[in-house]
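Below: protein.pdb (PDB, C-alpha atoms, pLDDT in the B column)
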```pdb
MODEL        1
ATOM      1  CA  MET A   1      -5.709  12.693  24.480  1.00 45.00           C
ATOM      2  CA  PRO A   2      -7.914  10.627  26.803  1.00 45.00           C
ATOM      3  CA  ASN A   3      -6.577   9.515  30.163  1.00 45.00           C
ATOM      4  CA  LEU A   4      -4.828   6.208  30.055  1.00 48.00           C
ATOM      5  CA  ALA A   5      -4.420   4.032  33.121  1.00 53.00           C
ATOM      6  CA  SER A   6      -2.276   6.540  34.975  1.00 70.00           C
ATOM      7  CA  ASP A   7      -0.326   9.751  34.541  1.00 78.00           C
ATOM      8  CA  GLU A   8       2.821   7.714  34.021  1.00 79.00           C
ATOM      9  CA  LEU A   9       1.341   5.761  31.162  1.00 83.00           C
ATOM     10  CA  THR A  10      -0.120   8.881  29.617  1.00 87.00           C
ATOM     11  CA  ALA A  11       3.308  10.507  29.737  1.00 90.00           C
ATOM     12  CA  LEU A  12       4.882   7.418  28.196  1.00 91.00           C
ATOM     13  CA  TYR A  13       2.430   7.527  25.316  1.00 94.00           C
ATOM     14  CA  GLN A  14       2.781  11.254  24.776  1.00 94.00           C
ATOM     15  CA  GLU A  15       6.564  11.119  24.766  1.00 95.00           C
ATOM     16  CA  HIS A  16       7.064   8.154  22.445  1.00 97.00           C
ATOM     17  CA  SER A  17       3.941   7.540  20.366  1.00 97.00           C
ATOM     18  CA  ARG A  18       4.974   9.676  17.398  1.00 97.00           C
ATOM     19  CA  GLU A  19       8.279   7.840  16.946  1.00 97.00           C
ATOM     20  CA  ILE A  20       6.690   4.429  17.397  1.00 98.00           C
ATOM     21  CA  TYR A  21       3.896   5.271  14.969  1.00 98.00           C
ATOM     22  CA  TYR A  22       6.383   6.580  12.412  1.00 98.00           C
ATOM     23  CA  LEU A  23       8.569   3.486  12.661  1.00 98.00           C
ATOM     24  CA  THR A  24       5.579   1.163  12.225  1.00 97.00           C
ATOM     25  CA  LEU A  25       4.198   3.304   9.392  1.00 97.00           C
ATOM     26  CA  ARG A  26       7.402   3.147   7.400  1.00 97.00           C
ATOM     27  CA  LEU A  27       8.115  -0.501   8.197  1.00 96.00           C
ATOM     28  CA  LEU A  28       4.614  -1.653   7.305  1.00 96.00           C
ATOM     29  CA  GLY A  29       3.872   0.939   4.612  1.00 94.00           C
ATOM     30  CA  ASP A  30       0.229   1.196   5.561  1.00 94.00           C
ATOM     31  CA  SER A  31      -1.366   3.736   7.902  1.00 95.00           C
ATOM     32  CA  GLN A  32      -4.168   1.461   9.119  1.00 95.00           C
ATOM     33  CA  ARG A  33      -1.756  -1.308  10.006  1.00 96.00           C
ATOM     34  CA  ALA A  34       0.557   1.239  11.637  1.00 97.00           C
ATOM     35  CA  GLU A  35      -2.332   2.386  13.839  1.00 97.00           C
ATOM     36  CA  ASP A  36      -3.019  -1.209  14.840  1.00 96.00           C
ATOM     37  CA  ALA A  37       0.647  -1.815  15.534  1.00 97.00           C
ATOM     38  CA  THR A  38       1.043   1.353  17.615  1.00 97.00           C
ATOM     39  CA  HIS A  39      -2.000   0.420  19.662  1.00 97.00           C
ATOM     40  CA  ASP A  40      -0.695  -3.103  20.212  1.00 96.00           C
ATOM     41  CA  VAL A  41       2.849  -1.970  21.048  1.00 96.00           C
ATOM     42  CA  PHE A  42       1.672   0.405  23.770  1.00 95.00           C
ATOM     43  CA  LEU A  43      -0.847  -2.061  25.119  1.00 93.00           C
ATOM     44  CA  LYS A  44       1.907  -4.640  25.400  1.00 93.00           C
ATOM     45  CA  ALA A  45       4.251  -2.087  26.973  1.00 92.00           C
ATOM     46  CA  PHE A  46       1.651  -1.084  29.549  1.00 89.00           C
ATOM     47  CA  ARG A  47       0.997  -4.708  30.455  1.00 87.00           C
ATOM     48  CA  LYS A  48       4.698  -5.516  30.656  1.00 86.00           C
ATOM     49  CA  TRP A  49       5.721  -2.260  32.311  1.00 83.00           C
ATOM     50  CA  SER A  50       6.888  -4.101  35.409  1.00 80.00           C
ATOM     51  CA  ASP A  51       9.305  -6.120  33.208  1.00 81.00           C
ATOM     52  CA  PHE A  52      11.080  -2.998  31.999  1.00 83.00           C
ATOM     53  CA  ARG A  53      14.402  -3.183  33.827  1.00 76.00           C
ATOM     54  CA  GLY A  54      15.770   0.178  32.805  1.00 76.00           C
ATOM     55  CA  ASP A  55      19.030  -1.225  31.414  1.00 74.00           C
ATOM     56  CA  SER A  56      18.125   0.327  28.077  1.00 80.00           C
ATOM     57  CA  SER A  57      16.276   3.560  27.439  1.00 91.00           C
ATOM     58  CA  CYS A  58      12.522   3.444  27.465  1.00 92.00           C
ATOM     59  CA  ARG A  59      12.513   4.462  23.784  1.00 95.00           C
ATOM     60  CA  ALA A  60      14.803   1.559  22.880  1.00 95.00           C
ATOM     61  CA  TRP A  61      12.590  -0.848  24.840  1.00 95.00           C
ATOM     62  CA  LEU A  62       9.496   0.360  22.967  1.00 96.00           C
ATOM     63  CA  TYR A  63      11.343   0.076  19.643  1.00 97.00           C
ATOM     64  CA  ARG A  64      12.248  -3.517  20.496  1.00 96.00           C
ATOM     65  CA  ILE A  65       8.568  -4.340  21.043  1.00 96.00           C
ATOM     66  CA  ALA A  66       7.602  -2.466  17.862  1.00 97.00           C
ATOM     67  CA  ILE A  67      10.228  -4.165  15.667  1.00 97.00           C
ATOM     68  CA  ASN A  68       9.195  -7.619  16.851  1.00 96.00           C
ATOM     69  CA  HIS A  69       5.543  -6.775  16.441  1.00 96.00           C
ATOM     70  CA  CYS A  70       5.994  -5.448  12.897  1.00 96.00           C
ATOM     71  CA  SER A  71       8.051  -8.474  11.984  1.00 93.00           C
ATOM     72  CA  ASN A  72       5.227 -10.748  13.174  1.00 93.00           C
ATOM     73  CA  MET A  73       2.640  -8.648  11.353  1.00 91.00           C
ATOM     74  CA  ARG A  74       4.604  -8.709   8.115  1.00 86.00           C
ATOM     75  CA  GLN A  75       5.081 -12.428   8.411  1.00 83.00           C
ATOM     76  CA  SER A  76       1.406 -13.188   8.914  1.00 80.00           C
ATOM     77  CA  TRP A  77       0.359 -10.602   6.321  1.00 67.00           C
ATOM     78  CA  HIS A  78       2.625 -12.119   3.686  1.00 62.00           C
ATOM     79  CA  ASN A  79       1.326 -15.549   4.516  1.00 60.00           C
ATOM     80  CA  ARG A  80      -2.225 -14.414   3.877  1.00 66.00           C
ATOM     81  CA  HIS A  81      -1.777 -12.109   0.886  1.00 61.00           C
ATOM     82  CA  VAL A  82      -0.278 -12.309  -2.533  1.00 51.00           C
ATOM     83  CA  PHE A  83       1.381  -9.049  -3.419  1.00 49.00           C
ATOM     84  CA  THR A  84       2.119  -7.292  -6.621  1.00 43.00           C
ATOM     85  CA  ALA A  85       4.868  -4.692  -6.645  1.00 42.00           C
ATOM     86  CA  GLU A  86       2.260  -1.971  -7.121  1.00 43.00           C
ATOM     87  CA  ASP A  87       0.191  -3.089  -4.145  1.00 44.00           C
ATOM     88  CA  ASP A  88       3.154  -3.036  -1.845  1.00 44.00           C
ATOM     89  CA  VAL A  89       3.744   0.645  -2.144  1.00 42.00           C
ATOM     90  CA  VAL A  90       2.568   3.696  -0.420  1.00 44.00           C
ATOM     91  CA  GLU A  91       0.161   4.595   2.225  1.00 46.00           C
ATOM     92  CA  ASN A  92       0.511   7.692   4.092  1.00 49.00           C
ATOM     93  CA  ASN A  93       1.217   9.793   6.993  1.00 54.00           C
ATOM     94  CA  ALA A  94      -1.462  11.917   8.499  1.00 58.00           C
ATOM     95  CA  PRO A  95      -0.336  15.502   7.973  1.00 57.00           C
ATOM     96  CA  LEU A  96      -0.883  17.985  10.742  1.00 60.00           C
ATOM     97  CA  VAL A  97      -4.337  19.534  10.669  1.00 54.00           C
ATOM     98  CA  THR A  98      -3.010  23.096  10.591  1.00 61.00           C
ATOM     99  CA  ASP A  99      -1.291  22.620   7.239  1.00 63.00           C
ATOM    100  CA  SER A 100      -2.622  24.299   4.095  1.00 71.00           C
ATOM    101  CA  PRO A 101      -3.997  22.019   1.337  1.00 71.00           C
ATOM    102  CA  LEU A 102      -0.915  22.609  -0.796  1.00 71.00           C
ATOM    103  CA  ARG A 103       1.368  21.871   2.108  1.00 69.00           C
ATOM    104  CA  VAL A 104      -0.620  18.695   2.877  1.00 70.00           C
ATOM    105  CA  LEU A 105      -0.154  17.599  -0.729  1.00 75.00           C
ATOM    106  CA  GLU A 106       3.552  18.357  -0.576  1.00 75.00           C
ATOM    107  CA  ILE A 107       4.022  16.415   2.651  1.00 75.00           C
ATOM    108  CA  LYS A 108       2.013  13.487   1.304  1.00 80.00           C
ATOM    109  CA  GLU A 109       4.079  13.483  -1.853  1.00 86.00           C
ATOM    110  CA  LEU A 110       7.340  13.486   0.061  1.00 88.00           C
ATOM    111  CA  GLY A 111       6.030  10.782   2.395  1.00 91.00           C
ATOM    112  CA  ASN A 112       5.013   8.625  -0.574  1.00 92.00           C
ATOM    113  CA  ARG A 113       8.414   9.019  -2.186  1.00 93.00           C
ATOM    114  CA  ILE A 114      10.209   8.162   1.021  1.00 95.00           C
ATOM    115  CA  GLN A 115       7.971   5.118   1.483  1.00 96.00           C
ATOM    116  CA  LYS A 116       8.573   3.961  -2.054  1.00 95.00           C
ATOM    117  CA  THR A 117      12.324   4.349  -1.631  1.00 95.00           C
ATOM    118  CA  LEU A 118      12.343   2.527   1.711  1.00 96.00           C
ATOM    119  CA  ASP A 119      10.267  -0.300   0.247  1.00 95.00           C
ATOM    120  CA  GLY A 120      12.973  -0.822  -2.345  1.00 95.00           C
ATOM    121  CA  LEU A 121      15.683  -1.319   0.274  1.00 96.00           C
ATOM    122  CA  SER A 122      16.479  -4.457   2.212  1.00 96.00           C
ATOM    123  CA  GLU A 123      14.694  -4.834   5.529  1.00 95.00           C
ATOM    124  CA  GLU A 124      17.988  -4.358   7.353  1.00 96.00           C
ATOM    125  CA  TYR A 125      18.874  -1.081   5.629  1.00 97.00           C
ATOM    126  CA  ARG A 126      15.354   0.247   6.061  1.00 97.00           C
ATOM    127  CA  LEU A 127      15.375  -0.459   9.789  1.00 97.00           C
ATOM    128  CA  LEU A 128      18.859   1.011  10.247  1.00 97.00           C
ATOM    129  CA  LEU A 129      17.940   4.274   8.550  1.00 98.00           C
ATOM    130  CA  LEU A 130      14.722   4.584  10.519  1.00 98.00           C
ATOM    131  CA  LEU A 131      16.480   3.982  13.824  1.00 98.00           C
ATOM    132  CA  VAL A 132      19.348   6.344  13.032  1.00 97.00           C
ATOM    133  CA  ALA A 133      16.804   9.032  12.192  1.00 97.00           C
ATOM    134  CA  ASP A 134      15.811   9.056  15.849  1.00 97.00           C
ATOM    135  CA  LYS A 135      18.408  11.252  17.527  1.00 94.00           C
ATOM    136  CA  GLU A 136      17.554   9.834  20.938  1.00 94.00           C
ATOM    137  CA  LEU A 137      19.072   6.467  20.064  1.00 95.00           C
ATOM    138  CA  SER A 138      22.803   5.865  20.385  1.00 94.00           C
ATOM    139  CA  TYR A 139      24.776   3.649  18.002  1.00 94.00           C
ATOM    140  CA  GLU A 140      25.105   1.165  20.856  1.00 95.00           C
ATOM    141  CA  GLU A 141      21.337   1.000  21.269  1.00 96.00           C
ATOM    142  CA  ILE A 142      20.837   0.628  17.520  1.00 97.00           C
ATOM    143  CA  ALA A 143      23.441  -2.133  17.531  1.00 97.00           C
ATOM    144  CA  THR A 144      21.573  -3.940  20.319  1.00 95.00           C
ATOM    145  CA  LEU A 145      18.231  -3.514  18.567  1.00 96.00           C
ATOM    146  CA  THR A 146      19.608  -4.923  15.331  1.00 96.00           C
ATOM    147  CA  ASP A 147      21.761  -7.634  16.939  1.00 95.00           C
ATOM    148  CA  GLN A 148      25.157  -6.471  15.716  1.00 96.00           C
ATOM    149  CA  THR A 149      28.162  -4.435  16.824  1.00 96.00           C
ATOM    150  CA  PRO A 150      28.227  -0.617  16.683  1.00 96.00           C
ATOM    151  CA  ASP A 151      31.035  -0.830  14.106  1.00 96.00           C
ATOM    152  CA  ALA A 152      28.899  -3.060  11.896  1.00 97.00           C
ATOM    153  CA  VAL A 153      26.064  -0.537  12.244  1.00 96.00           C
ATOM    154  CA  ARG A 154      28.351   2.274  11.080  1.00 95.00           C
ATOM    155  CA  GLY A 155      29.565   0.264   8.094  1.00 95.00           C
ATOM    156  CA  LYS A 156      26.104  -0.821   7.014  1.00 97.00           C
ATOM    157  CA  LEU A 157      24.689   2.629   7.593  1.00 96.00           C
ATOM    158  CA  HIS A 158      27.133   4.039   5.066  1.00 96.00           C
ATOM    159  CA  ARG A 159      25.908   1.537   2.462  1.00 97.00           C
ATOM    160  CA  ALA A 160      22.270   2.076   3.454  1.00 97.00           C
ATOM    161  CA  ARG A 161      22.616   5.831   2.891  1.00 96.00           C
ATOM    162  CA  LYS A 162      24.107   5.282  -0.546  1.00 96.00           C
ATOM    163  CA  ALA A 163      21.397   2.788  -1.463  1.00 96.00           C
ATOM    164  CA  PHE A 164      18.656   5.156  -0.287  1.00 96.00           C
ATOM    165  CA  ALA A 165      20.074   8.135  -2.202  1.00 93.00           C
ATOM    166  CA  ALA A 166      20.553   6.124  -5.397  1.00 93.00           C
ATOM    167  CA  LYS A 167      17.085   4.627  -5.232  1.00 92.00           C
ATOM    168  CA  PHE A 168      15.465   7.940  -4.451  1.00 89.00           C
ATOM    169  CA  GLN A 169      17.129   9.593  -7.438  1.00 85.00           C
ATOM    170  CA  ARG A 170      16.363   6.727  -9.781  1.00 84.00           C
ATOM    171  CA  ASP A 171      12.740   6.081  -8.833  1.00 75.00           C
ATOM    172  CA  ASN A 172      11.539   9.606  -8.302  1.00 64.00           C
TER     173      ASN A 172
ATOM    174  CA  MET B   1     -16.510  23.603 -20.135  1.00 49.00           C
ATOM    175  CA  LYS B   2     -13.933  26.326 -20.503  1.00 51.00           C
ATOM    176  CA  TYR B   3     -14.026  26.941 -16.751  1.00 50.00           C
ATOM    177  CA  GLU B   4     -13.570  23.251 -16.069  1.00 51.00           C
ATOM    178  CA  LYS B   5     -10.561  23.129 -18.344  1.00 55.00           C
ATOM    179  CA  LYS B   6      -8.986  26.144 -16.676  1.00 48.00           C
ATOM    180  CA  PHE B   7      -9.658  24.716 -13.226  1.00 52.00           C
ATOM    181  CA  SER B   8      -8.069  21.469 -14.206  1.00 62.00           C
ATOM    182  CA  GLN B   9      -5.022  23.288 -15.541  1.00 65.00           C
ATOM    183  CA  GLU B  10      -4.812  25.246 -12.325  1.00 62.00           C
ATOM    184  CA  GLU B  11      -5.011  22.024 -10.342  1.00 60.00           C
ATOM    185  CA  GLN B  12      -2.320  20.470 -12.461  1.00 64.00           C
ATOM    186  CA  ARG B  13      -0.114  23.492 -11.962  1.00 62.00           C
ATOM    187  CA  GLN B  14      -0.542  23.233  -8.187  1.00 58.00           C
ATOM    188  CA  VAL B  15       0.236  19.515  -8.170  1.00 55.00           C
ATOM    189  CA  SER B  16       3.335  19.908 -10.301  1.00 62.00           C
ATOM    190  CA  GLU B  17       4.410  22.884  -8.157  1.00 58.00           C
ATOM    191  CA  SER B  18       4.054  20.792  -5.035  1.00 54.00           C
ATOM    192  CA  GLN B  19       5.997  17.943  -6.617  1.00 55.00           C
ATOM    193  CA  THR B  20       8.770  20.345  -7.529  1.00 56.00           C
ATOM    194  CA  GLN B  21       8.785  21.672  -3.980  1.00 54.00           C
ATOM    195  CA  ALA B  22       8.936  18.142  -2.599  1.00 52.00           C
ATOM    196  CA  ASN B  23      11.881  17.441  -4.884  1.00 53.00           C
ATOM    197  CA  GLN B  24      13.614  20.589  -3.755  1.00 51.00           C
ATOM    198  CA  THR B  25      12.923  19.720  -0.139  1.00 53.00           C
ATOM    199  CA  ILE B  26      14.481  16.263  -0.373  1.00 52.00           C
ATOM    200  CA  HIS B  27      17.581  17.629  -2.065  1.00 57.00           C
ATOM    201  CA  GLU B  28      18.095  20.051   0.793  1.00 74.00           C
ATOM    202  CA  PHE B  29      18.734  17.188   3.206  1.00 85.00           C
ATOM    203  CA  ALA B  30      22.351  16.229   3.694  1.00 90.00           C
ATOM    204  CA  LEU B  31      21.564  12.656   4.676  1.00 93.00           C
ATOM    205  CA  PRO B  32      18.636  10.274   4.161  1.00 94.00           C
ATOM    206  CA  GLU B  33      17.982  10.211   7.897  1.00 94.00           C
ATOM    207  CA  ASP B  34      17.502  13.985   7.829  1.00 94.00           C
ATOM    208  CA  ALA B  35      14.715  13.447   5.300  1.00 94.00           C
ATOM    209  CA  LEU B  36      13.220  10.735   7.491  1.00 96.00           C
ATOM    210  CA  ARG B  37      13.464  12.992  10.531  1.00 95.00           C
ATOM    211  CA  PHE B  38      11.648  15.735   8.653  1.00 94.00           C
ATOM    212  CA  ASP B  39       9.032  13.259   7.443  1.00 94.00           C
ATOM    213  CA  ALA B  40       8.551  11.946  10.989  1.00 95.00           C
ATOM    214  CA  LYS B  41       8.014  15.461  12.312  1.00 93.00           C
ATOM    215  CA  GLN B  42       5.234  15.989   9.777  1.00 92.00           C
ATOM    216  CA  THR B  43       3.533  12.772  10.783  1.00 93.00           C
ATOM    217  CA  ALA B  44       0.945  12.985  13.504  1.00 94.00           C
ATOM    218  CA  VAL B  45      -0.375   9.957  15.349  1.00 96.00           C
ATOM    219  CA  PRO B  46      -4.118   9.754  14.632  1.00 96.00           C
ATOM    220  CA  GLU B  47      -6.154  10.650  17.740  1.00 95.00           C
ATOM    221  CA  ARG B  48      -8.132   7.440  17.485  1.00 95.00           C
ATOM    222  CA  VAL B  49      -5.083   5.373  18.471  1.00 96.00           C
ATOM    223  CA  ALA B  50      -5.047   6.915  21.960  1.00 94.00           C
ATOM    224  CA  GLU B  51      -8.814   6.588  22.236  1.00 94.00           C
ATOM    225  CA  ARG B  52      -8.676   2.938  21.251  1.00 94.00           C
ATOM    226  CA  LEU B  53      -5.811   2.331  23.630  1.00 92.00           C
ATOM    227  CA  SER B  54      -7.709   3.943  26.453  1.00 89.00           C
ATOM    228  CA  ARG B  55     -10.688   1.650  25.814  1.00 91.00           C
ATOM    229  CA  SER B  56      -8.439  -1.399  25.607  1.00 91.00           C
ATOM    230  CA  LEU B  57      -6.791  -0.553  28.913  1.00 86.00           C
ATOM    231  CA  GLN B  58     -10.155  -0.284  30.619  1.00 84.00           C
ATOM    232  CA  ARG B  59     -10.992  -3.773  29.442  1.00 83.00           C
ATOM    233  CA  LEU B  60      -7.758  -5.287  30.741  1.00 77.00           C
ATOM    234  CA  PRO B  61      -8.302  -7.664  33.667  1.00 73.00           C
ATOM    235  CA  PRO B  62      -6.756  -6.504  36.959  1.00 69.00           C
ATOM    236  CA  PRO B  63      -3.321  -7.976  37.648  1.00 63.00           C
ATOM    237  CA  ALA B  64      -3.495 -11.460  39.139  1.00 64.00           C
ATOM    238  CA  ARG B  65      -2.893 -11.635  42.898  1.00 66.00           C
ATOM    239  CA  PRO B  66       0.080 -13.755  43.907  1.00 63.00           C
ATOM    240  CA  TRP B  67      -0.821 -17.111  45.413  1.00 65.00           C
ATOM    241  CA  TRP B  68       0.489 -16.155  48.853  1.00 67.00           C
ATOM    242  CA  ALA B  69      -1.751 -13.084  49.069  1.00 66.00           C
ATOM    243  CA  PHE B  70      -4.714 -15.360  49.761  1.00 64.00           C
ATOM    244  CA  TRP B  71      -3.026 -16.832  52.863  1.00 65.00           C
ATOM    245  CA  LYS B  72      -1.680 -13.510  54.018  1.00 63.00           C
ATOM    246  CA  ARG B  73      -5.207 -12.051  54.142  1.00 61.00           C
ATOM    247  CA  LYS B  74      -6.476 -14.799  56.458  1.00 54.00           C
TER     248      LYS B  74
ENDMDL
END
```
Let me see the structure of the file written as structure tokens.
Amino acid sequence: MPNLASDELTALYQEHSREIYYLTLRLLGDSQRAEDATHDVFLKAFRKWSDFRGDSSCRAWLYRIAINHCSNMRQSWHNRHVFTAEDDVVENNAPLVTDSPLRVLEIKELGNRIQKTLDGLSEEYRLLLLLVADKELSYEEIATLTDQTPDAVRGKLHRARKAFAAKFQRDN
Amino acid sequence: MKYEKKFSQEEQRQVSESQTQANQTIHEFALPEDALRFDAKQTAVPERVAERLSRSLQRLPPPARPWWAFWKRK
């Protein structure tokens, strides 16, 4: 990876970029837009680094920027494009370069199925599942990021899991 | 022609095998977030994001000096 502005910023990018990219990829459903979003999120974070007060974890702070950014992107995208259900689905993750062709296909297939399932859920459920998947985040942090209480997160998470499982079984 | 047909069958077999494996993989996860965690681990950030970010940072203007810095220097 090329040097960013300083060692600190490079470390920040190396530690969190995969999770931020994954969140944007699955929220936006498009790898090119996820690249743009990841770039913009870190650029914003680097510019606003002095505003980071440390009362949440750095990961949670970056997620906050990413969620807002994706929400803005989705809003402006929907304003400019007319979608069909087919168009809205599926773009992919970039598998690791060391994987065999069959493995790459398998990972892509799983990624596509996960994307398709997530796209069929409400925005709230999708975001909850994606945030809970990150073990570094506590329920309290997820609650703050989604503007609700930890108990509400637990309750909705239960329903989100059921919805995901049912949709995955039905659609795939 | 015959070779092409066989190759295509072989390809189809590989695709369906990989789909079966993907199905098996998803069913091995206890919770949806385990599947997402696995999916996230397989997802690499494209190198060009860091390269683009590096270029963008170089183009950023230096931070503005506070107004009092001008007087302090005098």
Inset, instruction - Do a neighbour search on Leu128 (chain A) at 8 Å with all atoms listed in the file, toss out local chain neighbours closer than 6 positions, and write the hits as a list in words. - result: Ile142, Thr146, Val153, Leu157 and Ala160 of chain A
List as JSON lines every residue of chain B that is in contact with chain A, defined as an atom at most 7 Å from one of its atoms (using all atoms listed in the file), together with the nearest atom pair and the distance in Å rounded to one decimal, sorted by chain and then rising number.
```
{"residue": "B:Ser18", "atom": "CA", "partner": "A:Glu106", "partner_atom": "CA", "distance": 5.1}
{"residue": "B:Gln19", "atom": "CA", "partner": "A:Glu106", "partner_atom": "CA", "distance": 6.5}
{"residue": "B:Ala22", "atom": "CA", "partner": "A:Leu110", "partner_atom": "CA", "distance": 5.6}
{"residue": "B:Pro32", "atom": "CA", "partner": "A:Arg161", "partner_atom": "CA", "distance": 6.1}
{"residue": "B:Glu33", "atom": "CA", "partner": "A:Ala133", "partner_atom": "CA", "distance": 4.6}
{"residue": "B:Asp34", "atom": "CA", "partner": "A:Ala133", "partner_atom": "CA", "distance": 6.6}
{"residue": "B:Leu36", "atom": "CA", "partner": "A:Ala133", "partner_atom": "CA", "distance": 6.2}
{"residue": "B:Arg37", "atom": "CA", "partner": "A:Ala133", "partner_atom": "CA", "distance": 5.4}
{"residue": "B:Asp39", "atom": "CA", "partner": "A:Gly111", "partner_atom": "CA", "distance": 6.4}
{"residue": "B:Ala40", "atom": "CA", "partner": "A:Tyr22", "partner_atom": "CA", "distance": 6.0}
{"residue": "B:Gln42", "atom": "CA", "partner": "A:Pro95", "partner_atom": "CA", "distance": 5.9}
{"residue": "B:Thr43", "atom": "CA", "partner": "A:Asn93", "partner_atom": "CA", "distance": 5.3}
{"residue": "B:Ala44", "atom": "CA", "partner": "A:Ala94", "partner_atom": "CA", "distance": 5.7}
{"residue": "B:Val45", "atom": "CA", "partner": "A:Arg18", "partner_atom": "CA", "distance": 5.7}
{"residue": "B:Val49", "atom": "CA", "partner": "A:His39", "partner_atom": "CA", "distance": 6.0}
{"residue": "B:Ala50", "atom": "CA", "partner": "A:Met1", "partner_atom": "CA", "distance": 6.3}
{"residue": "B:Glu51", "atom": "CA", "partner": "A:Pro2", "partner_atom": "CA", "distance": 6.2}
{"residue": "B:Leu53", "atom": "CA", "partner": "A:His39", "partner_atom": "CA", "distance": 5.8}
{"residue": "B:Ser54", "atom": "CA", "partner": "A:Leu4", "partner_atom": "CA", "distance": 5.1}
{"residue": "B:Leu57", "atom": "CA", "partner": "A:Ala5", "partner_atom": "CA", "distance": 6.7}
```
Inset, instruction - Could you tell me how far CA of Tyr139 (chain A) lies from CA of Gly54 (chain A), in Å and to one decimal? - result: 17.7 Å
Inset, instruction - Work out how far apart CA of Ala30 (chain B) and CA of Arg159 (chain A) are and give it in Å to one decimal. - result: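 These atoms are spaced 15.2 Å apart.
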Legend entry - Given only C-alpha atoms as the counted atoms, nearest of A:Glu8, A:Gly29, A:Cys70, A:Cys58 to Asp119 (chain A):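 Of A:Glu8, A:Gly29, A:Cys70, A:Cys58, the one nearest Asp119 (chain A) is A:Gly29, counting only C-alpha atoms.
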Inset, instruction - Just the residues within 10 Å of Ala60 (chain A), please, counting all atoms listed in the file, with nothing from its chain fewer than 5 positions along; format it as JSON, numbers by chain. - result: {"A": [55, 65, 66, 131, 136, 137, 138, 141, 142, 144, 145]}
